Amino acid sequence: MTFIRVFRRHAIPALLAVTALLTEQGALAVTGVVLDSSTRNPLAGAIITTSAGVTRTDEHGRFETAHSAESVAARAPGYLRTEAKVSGETPVMLTLTPFRPKAVYLSVFGVTSATLRNKAVSLADSTVINALVIDVKGDRGLTPYRSAAREAIGAAARVTTRAAQEQDFPALLARLHTQHLYLIARIVVLKDDPLADAHPEWSVHTAEGTPWRDRENLQWMDPFSHDVWQHNLDVAEEAARMGFDEVQFDYVRFPDKSGLRFALPNTRANRTAAIVGFLQAARTRLAPYNVFVSADIFGYVCWNLDDTAIGQQIELLGEPLDYISPILYPSGFTWGLPGLTNPITDPGQIVRRSLAEAVHRTHLPGVRFRPWLQAFRDYAFDHRLFDAAAISAQITAADAAGTNGWMLWNPRNHYDAADLPLR
């Protein structure tokens, strides 16, 4: 009876209002309401996608599209995405299920290794893990599948193991979805050695005009190049078509090296315009697929008042992104924080204070952030192992900030269930 009363209080008035609107304006528009599946409360600001374009629900959870459509898709931060068919003139009622991803990372090698992949997937049986971040284009430009987008541009570089070559990647994603895992496609954007080899005219150069390489001897692409944008959006669309729930852009920044040559002057205004411009273009390109769009940012971006000389200005990132993912590895905070000179002694403080700073500066709710947390040995201070206590401290801080979950990074894709919270 309680459920019925709640449903009548919230859903029925909203649907009646939608029906009245439909009667007034005829059947050209699609109208409806979006509700929280748990509370049945209307959801304001939910993103509505149809063939007519993108709109948002009003303060009562209602929406109206500009034209007719056969289906309506919806998503909102803190929820799973959904889609429904349109039936004649009947208003559409969409319900969104609350969900916060708690993910582990799989590289191009990890996802194509049955051993590493199955071990990561098995974490969902006993721990809170319910999501995977999977490399679609990794740090060295490799893909775990045969990418038509990479082949078309002359930058195809695929994992060459026999298992990878034989794997049906879309079918793998479908199987992972049947195991109730939320799937995030990680795309390394501007560090791309194969693309630089194929199109050196699009890459970053030294002041002398030679291709620049970073400390790993890898080349980067010019963030000002719209050809580079277009290619990465092709890869992102490929990921959306394959069935990923979210597309996450990494290394969407300028190199942290001075004296390099780009297509435009390397000014703060130009840098931030390039990064935001690419992310806005990504949001537009991916809109028809109703996937969430996120990007990783350097941890100190939460603190620095400028763009950290890499084009990442945190106040500018909320509009093009559903989720902002600061990389909050304590080992990455080599200069510490005020009052904390050795971050690895208090991993939770790094996460707690950085997220609080990010929320304060952007005026966004905690659910718009999903941080990367450290699940690997320290490399900057005393090389200690990040054990269950260190991982737990970070997770507790992220959860307390009301984030959209969290993601654990281990470059070797080794995760121990004993280090993770139980279900």
# chains A, B, ... in the order shown; residues from 1 in each chain; ligands from 1

$ select_by_dssp --residues "range 141-363 of chain A" --states "strand (DSSP E)" --output "VMD selection string"
chain A and resid 182 to 188 205 to 206 246 to 250 260 to 261 292 to 298 323 to 327

$ closest_residue --among "A:Asp234, A:Phe244, A:Ser126, A:Gly141" --to "Ala198 in chain A" --atoms "only C-alpha atoms"
A:Gly141

$ closest_residue --among "A:Val108, A:Ala171, A:Ala74, A:Met93" --to "Val159 in chain A" --atoms "only C-alpha atoms"
A:Val108

$ closest_residue --among "A:Ser51, A:Gln219, A:His199, A:Ala282" --to "Ala236 in chain A" --atoms "only C-alpha atoms"
A:Ala282

$ atom_distance --atom1 "CA of Ala163 in chain A" --atom2 "CA of Thr112 in chain A"
6.4 Å

$ atom_distance --atom1 "CA of Pro194 in chain A" --atom2 "CA of Ala156 in chain A"
7.3 Å

$ select_by_dssp --residues "range 257-291 of chain A" --states "helix (DSSP H, G or I)" --output "CSV table (one decimal) with C-alpha atoms, in the first residue's frame"
chain,number,residue,atom,x,y,z
A,268,ARG,CA,46.2,29.2,-21.2
A,269,ALA,CA,43.1,30.4,-23.1
A,270,ASN,CA,44.0,28.4,-26.2
A,271,ARG,CA,44.7,25.3,-24.1
A,272,THR,CA,41.5,25.3,-22.2
A,273,ALA,CA,39.5,26.1,-25.3
A,274,ALA,CA,41.0,23.0,-27.1
A,275,ILE,CA,40.3,20.6,-24.3
A,276,VAL,CA,36.8,21.8,-23.6
A,277,GLY,CA,36.1,22.0,-27.3
A,278,PHE,CA,37.1,18.4,-27.8
A,279,LEU,CA,35.0,17.2,-24.9
A,280,GLN,CA,32.0,19.2,-26.2
A,281,ALA,CA,32.5,17.6,-29.6
A,282,ALA,CA,32.6,14.2,-28.0
A,283,ARG,CA,29.3,14.9,-26.1
A,284,THR,CA,27.6,15.9,-29.4
A,285,ARG,CA,29.0,13.0,-31.3
A,286,LEU,CA,28.0,10.4,-28.7
A,287,ALA,CA,24.6,11.9,-27.9
A,288,PRO,CA,22.6,9.5,-30.1
A,289,TYR,CA,24.0,6.5,-28.1

$ atom_distance --atom1 "CA of Arg353 in chain A" --atom2 "CA of Tyr251 in chain A"
23.2 Å

$ residues_around --residues "Phe386 in chain A" --least-positions-apart "6" --cutoff "6 Å" --atoms "only C-alpha atoms" --output "ChimeraX atom specification"
/A:375-377

$ write_last_selection --atoms "N, CA, C and O atoms" --output "compact mmCIF listing (two decimals), in the first residue's frame"
# COMPACT_ATOMS: atom_id res chain seq x y z
N ALA A 375 45.76 1.32 -6.34
CA ALA A 375 45.79 -0.08 -5.93
C ALA A 375 47.10 -0.72 -6.39
O ALA A 375 47.13 -1.88 -6.81
N PHE A 376 48.18 0.04 -6.34
CA PHE A 376 49.50 -0.45 -6.76
C PHE A 376 50.55 0.11 -5.80
O PHE A 376 50.30 1.05 -5.05
N ARG A 377 51.74 -0.46 -5.85
CA ARG A 377 52.83 -0.08 -4.95
C ARG A 377 53.25 1.37 -5.17
O ARG A 377 53.29 1.85 -6.31

$ residues_around --residues "Thr50 in chain A" --least-positions-apart "5" --cutoff "7 Å" --atoms "only C-alpha atoms" --output "list in words"
Ala69, Ser71, Val72 and Ala73 of chain A
